file run.txt (compact mmCIF, C-alpha atoms)
# COMPACT_ATOMS: atom_id res chain seq x y z
CA MET Z 62 55.37 -98.70 -7.88
CA GLY Z 63 53.93 -101.25 -10.32
CA ILE Z 64 51.23 -102.20 -7.80
CA SER Z 65 50.28 -98.53 -7.32
CA LYS Z 66 49.93 -98.05 -11.09
CA LYS Z 67 47.82 -101.19 -11.34
CA ILE Z 68 45.51 -100.01 -8.56
CA ALA Z 69 45.25 -96.54 -10.15
CA SER Z 70 44.50 -98.12 -13.54
CA GLN Z 71 41.79 -100.37 -12.05
CA SER Z 72 40.27 -97.44 -10.16
CA ALA Z 73 40.19 -95.35 -13.33
CA SER Z 74 38.57 -98.25 -15.21
CA ILE Z 75 35.89 -98.61 -12.53
CA LEU Z 76 35.18 -94.87 -12.62
CA ARG Z 77 34.89 -94.90 -16.42
CA SER Z 78 32.52 -97.87 -16.26
CA PHE Z 79 30.43 -96.10 -13.64
CA TRP Z 80 30.32 -92.89 -15.68
CA ARG Z 81 29.14 -94.78 -18.77
CA MET Z 82 26.20 -96.22 -16.81
CA ASN Z 83 22.85 -94.65 -17.73
CA GLU Z 84 22.05 -94.47 -14.02
CA SER Z 85 25.27 -92.72 -12.95
CA GLY Z 86 23.72 -89.25 -13.14
CA ILE Z 87 20.78 -89.97 -10.83
CA ILE Z 88 23.03 -91.90 -8.42
CA LEU Z 89 25.35 -88.89 -8.05
CA ILE Z 90 22.44 -86.47 -7.75
CA THR Z 91 20.82 -88.65 -5.06
CA ILE Z 92 24.06 -88.82 -3.04
CA ALA Z 93 24.68 -85.07 -3.40
CA TYR Z 94 21.11 -84.23 -2.38
CA ALA Z 95 21.28 -86.53 0.65
CA ILE Z 96 24.47 -84.81 1.84
CA PHE Z 97 22.90 -81.37 1.26
CA VAL Z 98 19.83 -82.22 3.34
CA TRP Z 99 21.97 -83.82 6.06
CA LEU Z 100 24.01 -80.61 6.39
CA ILE Z 101 20.78 -78.66 6.91
CA ASN Z 102 19.12 -81.22 9.19
CA PRO Z 103 21.28 -84.04 10.66
CA VAL Z 104 18.11 -85.95 11.60
CA PHE Z 105 17.87 -86.90 7.92
CA PHE Z 106 20.54 -89.61 8.36
CA SER Z 107 19.08 -91.02 11.58
CA GLY Z 108 18.26 -94.74 11.51
CA ILE Z 109 14.54 -94.17 11.99
CA ASN Z 110 14.32 -91.61 9.19
CA LEU Z 111 16.31 -93.72 6.73
CA SER Z 112 14.06 -96.67 7.52
CA ASN Z 113 11.01 -94.47 6.86
CA ILE Z 114 12.45 -93.37 3.50
CA LEU Z 115 13.18 -96.92 2.40
CA ARG Z 116 9.76 -98.04 3.60
CA GLN Z 117 7.96 -95.25 1.78
CA THR Z 118 9.98 -96.01 -1.34
CA GLY Z 119 8.08 -99.28 -1.71
CA PHE Z 120 4.74 -97.59 -2.33
CA VAL Z 121 6.30 -95.65 -5.21
CA LEU Z 122 8.67 -98.29 -6.51
CA ILE Z 123 6.32 -101.29 -6.73
CA PRO Z 124 3.87 -99.60 -9.15
CA ALA Z 125 6.87 -97.95 -10.84
CA LEU Z 126 8.19 -101.40 -11.83
CA GLY Z 127 5.12 -101.97 -13.98
CA MET Z 128 5.24 -98.37 -15.18
CA THR Z 129 8.84 -98.85 -16.32
CA MET Z 130 7.74 -101.64 -18.65
CA VAL Z 131 4.84 -99.54 -19.94
CA LEU Z 132 7.11 -96.55 -20.67
CA ILE Z 133 9.79 -98.71 -22.30
CA SER Z 134 7.10 -100.17 -24.58
CA GLY Z 135 6.20 -96.63 -25.68
CA GLY Z 136 3.06 -96.22 -23.57
CA ILE Z 137 2.05 -94.50 -20.34
CA ASN Z 138 -0.35 -95.36 -17.53
CA ILE Z 139 -1.72 -92.47 -15.49
CA SER Z 140 -4.33 -94.64 -13.78
CA VAL Z 141 -1.92 -96.42 -11.40
CA GLY Z 142 -2.83 -94.30 -8.36
CA SER Z 143 -6.55 -94.97 -8.73
CA VAL Z 144 -5.96 -98.66 -9.51
CA LEU Z 145 -3.84 -98.88 -6.38
CA GLY Z 146 -6.74 -97.47 -4.36
CA VAL Z 147 -9.33 -99.85 -5.86
CA ALA Z 148 -7.12 -102.90 -5.24
CA GLY Z 149 -6.78 -101.93 -1.58
CA LEU Z 150 -10.54 -101.37 -1.30
CA VAL Z 151 -11.36 -104.75 -2.83
CA THR Z 152 -9.05 -106.42 -0.31
CA GLY Z 153 -10.59 -104.31 2.46
CA PHE Z 154 -14.13 -105.35 1.52
CA CYS Z 155 -13.15 -109.01 1.36
CA LEU Z 156 -11.53 -108.95 4.80
CA ALA Z 157 -13.55 -106.38 6.76
CA ASP Z 158 -17.05 -106.84 5.29
CA PHE Z 159 -17.14 -110.43 4.02
CA GLN Z 160 -14.67 -111.97 6.49
CA LEU Z 161 -12.95 -113.97 3.76
CA PRO Z 162 -9.61 -115.75 4.35
CA ILE Z 163 -6.67 -113.36 4.20
CA MET Z 164 -4.98 -115.00 1.21
CA LEU Z 165 -8.23 -114.91 -0.76
CA GLY Z 166 -8.76 -111.25 0.08
CA ILE Z 167 -5.23 -110.41 -1.09
CA LEU Z 168 -5.73 -112.44 -4.28
CA MET Z 169 -8.97 -110.59 -5.05
CA GLY Z 170 -7.21 -107.24 -4.66
CA LEU Z 171 -4.41 -108.31 -7.00
CA ILE Z 172 -6.90 -109.60 -9.56
CA ALA Z 173 -8.81 -106.29 -9.41
CA GLY Z 174 -5.61 -104.37 -10.16
CA MET Z 175 -4.67 -106.70 -12.99
CA LEU Z 176 -8.15 -106.51 -14.56
CA LEU Z 177 -8.11 -102.71 -14.52
CA GLY Z 178 -4.68 -102.79 -16.17
CA LEU Z 179 -6.03 -105.27 -18.70
CA GLY Z 180 -8.91 -102.88 -19.39
CA SER Z 181 -6.50 -100.08 -20.26
CA GLY Z 182 -4.49 -102.41 -22.49
CA PHE Z 183 -7.65 -103.61 -24.25
CA LEU Z 184 -8.76 -100.04 -25.04
CA ILE Z 185 -5.33 -99.21 -26.44
CA VAL Z 186 -4.92 -102.39 -28.49
CA ARG Z 187 -8.49 -103.00 -29.66
CA PHE Z 188 -9.60 -99.44 -30.38
CA SER Z 189 -6.22 -97.75 -31.00
CA ILE Z 190 -6.95 -95.16 -28.32
CA PRO Z 191 -3.83 -93.17 -27.33
CA PRO Z 192 -2.47 -94.56 -24.03
CA ILE Z 193 -2.75 -91.23 -22.19
CA ILE Z 194 -6.47 -90.98 -23.08
CA ALA Z 195 -7.26 -94.63 -22.36
CA THR Z 196 -5.56 -94.57 -18.96
CA LEU Z 197 -7.03 -91.15 -18.12
CA GLY Z 198 -10.46 -92.67 -18.68
CA MET Z 199 -9.51 -95.71 -16.58
CA MET Z 200 -8.26 -93.41 -13.83
CA TYR Z 201 -11.69 -91.80 -13.52
CA VAL Z 202 -13.44 -95.16 -13.82
CA ALA Z 203 -11.33 -96.46 -10.92
CA LYS Z 204 -11.90 -93.30 -8.86
CA GLY Z 205 -15.65 -93.53 -9.43
CA LEU Z 206 -15.61 -97.23 -8.60
CA ALA Z 207 -13.84 -96.50 -5.31
CA LEU Z 208 -16.47 -93.96 -4.31
CA VAL Z 209 -19.39 -96.16 -5.40
CA MET Z 210 -17.98 -99.14 -3.49
CA THR Z 211 -17.49 -97.24 -0.24
CA ASP Z 212 -19.75 -94.18 -0.41
CA GLY Z 213 -16.64 -92.35 0.81
CA ILE Z 214 -16.37 -94.44 4.00
CA ALA Z 215 -13.22 -96.37 4.93
CA ARG Z 216 -13.44 -100.14 5.51
CA TYR Z 217 -12.00 -101.49 8.78
CA PRO Z 218 -10.87 -103.19 10.97
CA MET Z 219 -8.47 -105.54 9.21
CA PRO Z 220 -7.26 -108.83 10.75
CA ASP Z 221 -4.06 -108.50 12.76
CA ALA Z 222 -2.35 -111.12 10.59
CA PHE Z 223 -3.10 -109.02 7.51
CA ASN Z 224 -1.84 -105.82 9.14
CA ALA Z 225 1.40 -107.64 9.99
CA LEU Z 226 1.97 -108.20 6.27
CA GLU Z 227 3.38 -104.66 5.95
CA GLN Z 228 3.73 -103.57 9.56
CA GLY Z 229 5.91 -106.56 10.47
CA GLU Z 230 9.65 -106.89 9.94
CA ALA Z 231 11.94 -109.33 8.15
CA LEU Z 232 15.72 -109.36 8.70
CA GLY Z 233 15.36 -106.28 10.90
CA MET Z 234 13.64 -104.18 8.26
CA PRO Z 235 10.00 -103.47 7.29
CA ASN Z 236 8.57 -106.34 5.20
CA ILE Z 237 7.98 -104.11 2.20
CA ILE Z 238 11.73 -103.55 1.69
CA PRO Z 239 12.71 -107.19 0.97
CA LEU Z 240 9.50 -107.52 -1.04
CA TYR Z 241 10.36 -104.71 -3.45
CA LEU Z 242 13.99 -105.81 -3.70
CA ILE Z 243 12.84 -109.28 -4.77
CA LEU Z 244 10.42 -107.74 -7.27
CA CYS Z 245 13.26 -105.56 -8.65
CA ILE Z 246 15.35 -108.68 -9.26
CA ILE Z 247 12.43 -110.44 -10.96
CA PHE Z 248 11.58 -107.49 -13.23
CA SER Z 249 15.23 -106.88 -14.06
CA PHE Z 250 15.59 -110.52 -15.08
CA ILE Z 251 12.45 -110.34 -17.22
CA LEU Z 252 13.62 -107.20 -19.03
CA ASN Z 253 17.22 -108.27 -19.57
CA HIS Z 254 17.13 -112.05 -19.94
CA THR Z 255 13.81 -113.06 -21.52
CA THR Z 256 12.32 -112.90 -25.00
CA PHE Z 257 9.40 -110.90 -23.60
CA GLY Z 258 11.75 -108.29 -22.11
CA ARG Z 259 13.60 -107.88 -25.39
CA SER Z 260 10.24 -107.55 -27.15
CA VAL Z 261 9.23 -104.74 -24.77
CA TYR Z 262 12.36 -102.77 -25.73
CA ALA Z 263 11.82 -103.52 -29.42
CA VAL Z 264 8.19 -102.36 -29.38
CA GLY Z 265 9.15 -99.11 -27.63
CA GLY Z 266 12.08 -98.53 -29.95
CA ASN Z 267 10.16 -98.93 -33.21
CA GLN Z 268 6.80 -100.67 -33.51
CA ALA Z 269 7.02 -101.10 -37.29
CA THR Z 270 10.41 -102.79 -37.05
CA ALA Z 271 9.18 -104.94 -34.16
CA LYS Z 272 6.26 -106.17 -36.29
CA LEU Z 273 8.58 -106.99 -39.18
CA SER Z 274 10.72 -108.97 -36.71
CA GLY Z 275 7.72 -111.17 -35.92
CA ILE Z 276 6.90 -109.66 -32.53
CA ASN Z 277 3.23 -109.66 -31.55
CA VAL Z 278 3.07 -105.97 -30.65
CA LYS Z 279 -0.51 -106.04 -29.38
CA LYS Z 280 0.21 -108.99 -27.09
CA VAL Z 281 3.24 -107.20 -25.63
CA GLN Z 282 1.20 -104.05 -25.01
CA MET Z 283 -1.60 -105.98 -23.31
CA LEU Z 284 0.88 -107.77 -21.04
CA VAL Z 285 2.74 -104.64 -19.93
CA TYR Z 286 -0.51 -102.94 -18.92
CA MET Z 287 -1.63 -106.08 -17.08
CA LEU Z 288 1.68 -106.12 -15.21
CA SER Z 289 1.31 -102.42 -14.44
CA GLY Z 290 -2.15 -103.03 -12.98
CA LEU Z 291 -0.88 -106.02 -11.01
CA MET Z 292 1.98 -104.03 -9.46
CA ALA Z 293 -0.42 -101.21 -8.57
CA GLY Z 294 -2.54 -103.92 -6.94
CA VAL Z 295 0.42 -105.17 -4.88
CA ALA Z 296 1.11 -101.62 -3.68
CA GLY Z 297 -2.60 -101.14 -2.88
CA VAL Z 298 -2.72 -104.30 -0.76
CA MET Z 299 0.46 -103.32 1.09
CA LEU Z 300 -0.87 -99.80 1.73
CA CYS Z 301 -4.11 -101.25 3.08
CA SER Z 302 -2.04 -103.44 5.40
CA ARG Z 303 0.07 -100.51 6.56
CA LEU Z 304 -2.94 -98.30 7.34
CA GLY Z 305 -4.97 -101.14 8.85
CA SER Z 306 -7.92 -99.94 6.76
CA ALA Z 307 -9.01 -99.47 3.15
CA GLN Z 308 -9.28 -95.77 2.34
CA PRO Z 309 -11.33 -94.46 -0.64
CA ALA Z 310 -8.71 -91.75 -1.33
CA ALA Z 311 -5.72 -94.10 -1.12
CA GLY Z 312 -3.30 -93.67 -4.02
CA GLU Z 313 -4.70 -90.31 -5.08
CA GLY Z 314 -1.99 -88.35 -6.90
CA GLN Z 315 0.44 -91.27 -6.67
CA GLU Z 316 0.70 -91.56 -10.45
CA MET Z 317 2.88 -88.44 -10.65
CA HIS Z 318 5.39 -89.83 -8.13
CA VAL Z 319 5.47 -93.14 -10.01
CA ILE Z 320 5.98 -91.62 -13.46
CA ALA Z 321 8.57 -89.14 -12.14
CA SER Z 322 10.53 -91.97 -10.47
CA CYS Z 323 10.78 -93.84 -13.75
CA ILE Z 324 11.76 -90.83 -15.87
CA ILE Z 325 14.24 -89.49 -13.29
CA GLY Z 326 15.77 -92.98 -13.24
CA GLY Z 327 16.45 -92.79 -16.97
CA THR Z 328 13.39 -94.46 -18.49
CA SER Z 329 12.50 -92.51 -21.62
CA PRO Z 330 8.86 -91.38 -21.99
CA SER Z 331 9.41 -91.86 -25.74
CA GLY Z 332 9.99 -95.60 -25.26
CA GLY Z 333 12.78 -98.05 -25.96
CA LYS Z 334 15.01 -97.12 -23.04
CA GLY Z 335 15.03 -97.73 -19.30
CA SER Z 336 16.18 -99.99 -16.49
CA ILE Z 337 14.91 -101.35 -13.19
CA LEU Z 338 18.03 -100.10 -11.39
CA GLY Z 339 17.30 -96.59 -12.61
CA THR Z 340 13.70 -96.85 -11.42
CA LEU Z 341 14.89 -98.08 -8.01
CA ILE Z 342 17.25 -95.10 -7.60
CA GLY Z 343 14.62 -92.72 -8.97
CA SER Z 344 12.05 -94.00 -6.46
CA ILE Z 345 14.50 -93.58 -3.58
CA PHE Z 346 15.24 -90.04 -4.77
CA MET Z 347 11.52 -89.17 -4.90
CA SER Z 348 10.98 -90.56 -1.40
CA MET Z 349 14.02 -88.63 -0.15
CA LEU Z 350 12.72 -85.47 -1.76
CA THR Z 351 9.30 -85.77 -0.11
CA ASN Z 352 10.78 -86.75 3.24
CA SER Z 353 13.39 -83.98 3.24
CA MET Z 354 10.86 -81.25 2.40
CA THR Z 355 8.73 -82.44 5.32
CA LEU Z 356 11.76 -82.35 7.63
CA MET Z 357 12.60 -78.84 6.44
CA LYS Z 358 8.94 -77.86 7.01
CA VAL Z 359 8.33 -76.85 3.41
CA ASN Z 360 4.69 -75.91 2.80
CA VAL Z 361 2.65 -78.73 1.22
CA ASN Z 362 1.66 -76.53 -1.72
CA TRP Z 363 5.31 -75.75 -2.41
CA GLN Z 364 6.11 -79.45 -2.20
CA LYS Z 365 3.69 -80.18 -5.04
CA MET Z 366 5.24 -77.44 -7.14
CA VAL Z 367 8.74 -78.83 -6.54
CA LEU Z 368 7.64 -82.35 -7.52
CA GLY Z 369 6.10 -80.97 -10.70
CA LEU Z 370 9.28 -79.06 -11.57
CA VAL Z 371 11.38 -82.18 -10.97
CA LEU Z 372 9.22 -84.15 -13.40
CA VAL Z 373 9.40 -81.43 -16.07
CA PHE Z 374 13.17 -81.14 -15.62
CA ALA Z 375 13.57 -84.93 -16.01
CA VAL Z 376 11.61 -84.87 -19.28
CA ILE Z 377 13.67 -81.92 -20.58
CA MET Z 378 16.89 -83.81 -19.77
CA ASP Z 379 15.58 -86.88 -21.58
CA ARG Z 380 14.81 -84.80 -24.68
CA TYR Z 381 18.26 -83.21 -24.50
CA LYS Z 382 19.94 -86.63 -24.32
CA GLN Z 383 17.92 -87.84 -27.32
CA THR Z 384 18.88 -84.77 -29.34
CA GLN Z 385 22.57 -85.20 -28.51
CA SER Z 386 22.40 -88.89 -29.37
CA GLN Z 387 20.80 -88.11 -32.74
CA LYS Z 388 23.50 -85.53 -33.51
CA VAL Z 389 26.21 -88.09 -32.74
CA SER Z 390 24.49 -90.66 -34.94
CA ILE Z 391 24.27 -88.17 -37.83
CA ARG Z 392 27.98 -87.29 -37.50
CA LEU Z 393 28.97 -90.98 -37.43
CA GLY Z 394 26.69 -91.70 -40.38

call {"tool": "encode", "arguments": {"input": "run.txt", "output": "structure tokens"}}
result
Amino acid sequence: MGISKKIASQSASILRSFWRMNESGIILITIAYAIFVWLINPVFFSGINLSNILRQTGFVLIPALGMTMVLISGGINISVGSVLGVAGLVTGFCLADFQLPIMLGILMGLIAGMLLGLGSGFLIVRFSIPPIIATLGMMYVAKGLALVMTDGIARYPMPDAFNALEQGEALGMPNIIPLYLILCIIFSFILNHTTFGRSVYAVGGNQATAKLSGINVKKVQMLVYMLSGLMAGVAGVMLCSRLGSAQPAAGEGQEMHVIASCIIGGTSPSGGKGSILGTLIGSIFMSMLTNSMTLMKVNVNWQKMVLGLVLVFAVIMDRYKQTQSQKVSIRLG
């Protein structure tokens, strides 16, 4: 009897700990939605389809890792889709047109993404331009750059060794899956166990207080936008590898999926709050949502509307949570 009570007590403790997690809501919603889709179409839980979902998650999650830091710091970056496309094109030019070594081509693509992110950060820090305006401008700069570079024509073929970067498998799964899991661990460590990570939260929570605490706010902002550009670059290179070509329209519209993944995962668009685990679950949910609507043969136009509604709902829930938190703080005060 004593053992049964102990097990029941431990189970209750685990459930309470889970419920107190910021990510518990999206985890439960993701599980419930997966079961709902499976009941409608059992193919959803097939090995091939699950592998496709996890694979597609990478192209949302990798840029979302950088976006999480940007949002936590109190900013936003709506240029990630276009930056992703430019990074892939730079790599494509290096490999298809100039026949450069594969590692150099990849490095050039990553540098291109990082420089575009740095450009957004510079505009925000140096000229005090609101992040949404600065990154909107950078989005169109990147889109224009992609068209000027290619004249609307894809670059191909890519070397087989480069294509294998994403198309190959490691440990029985597509290469992009272990890659984004490793990146999740790295970013989670940075946010939770480094001075820089704590500074990112502090800047997003209250810039004035962060400055008084001796934090170099401008340096933190520059770095988070550089990291955002770099992660968009990684996704762009991997997408180029998957397609076996560099497409001028690659990444178009991807910024909405990325931002939605972060906010659905619990990262506040107001800054100061968020986690990599939440972004991971949010990215999986977004990939599941897109995949399931395709399986259920939902019209593409309706799919866009659903994605937009999901993003708006996530923002409304974030505002509601903030309001409730403020009410609790006032009552305790």

call {"tool": "residues_near_point", "arguments": {"input": "run.txt", "point": "(10.3, -106.3, -1.8)", "cutoff": "12 Å", "atoms": "only C-alpha atoms", "output": "PyMOL selection string"}}
result
chain Z and resi 115-124+126+226-227+230-231+234-248+292+295-296+299+341

call {"tool": "atom_distance", "arguments": {"input": "run.txt", "atom1": "CA of Val104 in chain Z", "atom2": "CA of Thr91 in chain Z"}}
result
17.1 Å

call {"tool": "atom_distance", "arguments": {"input": "run.txt", "atom1": "CA of Ile276 in chain Z", "atom2": "CA of Gly258 in chain Z"}}
result
11.6 Å

call {"tool": "residues_around", "arguments": {"input": "run.txt", "residues": "Met199 in chain Z", "least_positions_apart": "3", "cutoff": "10 Å", "atoms": "only C-alpha atoms", "output": "ChimeraX atom specification"}}
result
/Z:138-141,143-144,177-178,180-181,184,193-196,202-205

call {"tool": "atom_distance", "arguments": {"input": "run.txt", "atom1": "CA of Val264 in chain Z", "atom2": "CA of Thr129 in chain Z"}}
result
13.5 Å

call {"tool": "residues_around", "arguments": {"input": "run.txt", "residues": "Ala310 in chain Z", "least_positions_apart": "6", "cutoff": "12 Å", "atoms": "all atoms listed in the file", "output": "list in words"}}
result
Gly142, Ser143, Val144, Leu145, Gly146, Val147, Ala148, Gly149, Leu150, Ala203, Lys204, Gly205, Leu206, Ala207, Leu208, Thr211, Asp212, Gly213, Ile214, Ala215, Arg216, Gly297, Leu300 and Cys301 of chain Z

call {"tool": "closest_residue", "arguments": {"input": "run.txt", "among": "Z:Met164, Z:Leu338, Z:Met82, Z:Ile133", "to": "Gly266 in chain Z", "atoms": "only C-alpha atoms"}}
result
Z:Ile133

call {"tool": "residues_around", "arguments": {"input": "run.txt", "residues": "Leu179 in chain Z", "least_positions_apart": "2", "cutoff": "8 Å", "atoms": "only C-alpha atoms", "output": "list in words"}}
result
Met175, Leu176, Leu177, Ser181, Gly182, Phe183, Met283, Leu284, Tyr286, Met287 and Gly290 of chain Z

call {"tool": "write_last_selection", "arguments": {"input": "run.txt", "atoms": "C-alpha atoms", "output": "PDB file, keeping the file's coordinate frame"}}
result
ATOM      1  CA  MET Z 175      -4.670-106.700 -12.990  1.00  0.00           C
ATOM      2  CA  LEU Z 176      -8.150-106.510 -14.560  1.00  0.00           C
ATOM      3  CA  LEU Z 177      -8.110-102.710 -14.520  1.00  0.00           C
ATOM      4  CA  SER Z 181      -6.500-100.080 -20.260  1.00  0.00           C
ATOM      5  CA  GLY Z 182      -4.490-102.410 -22.490  1.00  0.00           C
ATOM      6  CA  PHE Z 183      -7.650-103.610 -24.250  1.00  0.00           C
ATOM      7  CA  MET Z 283      -1.600-105.980 -23.310  1.00  0.00           C
ATOM      8  CA  LEU Z 284       0.880-107.770 -21.040  1.00  0.00           C
ATOM      9  CA  TYR Z 286      -0.510-102.940 -18.920  1.00  0.00           C
ATOM     10  CA  MET Z 287      -1.630-106.080 -17.080  1.00  0.00           C
ATOM     11  CA  GLY Z 290      -2.150-103.030 -12.980  1.00  0.00           C
TER      12      GLY Z 290
END

call {"tool": "closest_residue", "arguments": {"input": "run.txt", "among": "Z:Thr328, Z:Lys272, Z:Leu288, Z:Ala69", "to": "Ala173 in chain Z", "atoms": "all atoms listed in the file"}}
result
Z:Leu288

call {"tool": "closest_residue", "arguments": {"input": "run.txt", "among": "Z:Gly294, Z:Pro220, Z:Gly127, Z:Gly153", "to": "Ile172 in chain Z", "atoms": "all atoms listed in the file"}}
result
Z:Gly294

call {"tool": "closest_residue", "arguments": {"input": "run.txt", "among": "Z:Gly333, Z:Pro218, Z:Gly174, Z:Pro191", "to": "Cys155 in chain Z", "atoms": "all atoms listed in the file"}}
result
Z:Pro218

call {"tool": "closest_residue", "arguments": {"input": "run.txt", "among": "Z:Cys323, Z:Ile101, Z:Val367, Z:Val131", "to": "Ser289 in chain Z", "atoms": "all atoms listed in the file"}}
result
Z:Val131

call {"tool": "closest_residue", "arguments": {"input": "run.txt", "among": "Z:Val261, Z:Leu291, Z:Gly136, Z:Leu273", "to": "Leu168 in chain Z", "atoms": "all atoms listed in the file"}}
result
Z:Leu291

call {"tool": "axis_aligned_box", "arguments": {"input": "run.txt", "around": "range 136-148 of chain Z", "padding_each_side": "4 Å", "output": "AutoDock Vina command-line options"}}
result
--center_x -3.1 --center_y -97.7 --center_z -14.0 --size_x 20.4 --size_y 18.4 --size_z 27.2

call {"tool": "decode", "arguments": {"input": "run.txt", "residues": "range 233-259 of chain Z", "atoms": "C-alpha atoms", "output": "mmCIF file, in the first residue's frame"}}
result
data_model
loop_
_atom_site.group_PDB
_atom_site.id
_atom_site.type_symbol
_atom_site.label_atom_id
_atom_site.label_comp_id
_atom_site.auth_asym_id
_atom_site.auth_seq_id
_atom_site.Cartn_x
_atom_site.Cartn_y
_atom_site.Cartn_z
ATOM 1 C CA GLY Z 233 18.995 5.989 -40.172
ATOM 2 C CA MET Z 234 17.508 9.470 -40.439
ATOM 3 C CA PRO Z 235 17.912 12.417 -42.846
ATOM 4 C CA ASN Z 236 21.079 14.404 -42.040
ATOM 5 C CA ILE Z 237 19.145 17.560 -41.251
ATOM 6 C CA ILE Z 238 17.500 15.962 -38.187
ATOM 7 C CA PRO Z 239 20.691 15.343 -36.140
ATOM 8 C CA LEU Z 240 21.963 18.718 -37.360
ATOM 9 C CA TYR Z 241 19.033 20.680 -35.942
ATOM 10 C CA LEU Z 242 19.006 18.641 -32.731
ATOM 11 C CA ILE Z 243 22.668 19.535 -32.170
ATOM 12 C CA LEU Z 244 21.919 23.194 -32.928
ATOM 13 C CA CYS Z 245 19.008 23.094 -30.437
ATOM 14 C CA ILE Z 246 21.368 21.853 -27.720
ATOM 15 C CA ILE Z 247 23.919 24.565 -28.558
ATOM 16 C CA PHE Z 248 21.367 27.398 -28.573
ATOM 17 C CA SER Z 249 19.703 26.117 -25.412
ATOM 18 C CA PHE Z 250 23.080 26.093 -23.671
ATOM 19 C CA ILE Z 251 23.839 29.626 -24.876
ATOM 20 C CA LEU Z 252 20.507 30.983 -23.642
ATOM 21 C CA ASN Z 253 20.459 29.203 -20.294
ATOM 22 C CA HIS Z 254 24.100 28.884 -19.256
ATOM 23 C CA THR Z 255 26.054 31.847 -20.648
ATOM 24 C CA THR Z 256 26.354 35.521 -19.785
ATOM 25 C CA PHE Z 257 25.304 36.391 -23.332
ATOM 26 C CA GLY Z 258 22.111 34.327 -23.012
ATOM 27 C CA ARG Z 259 21.180 36.009 -19.753
#
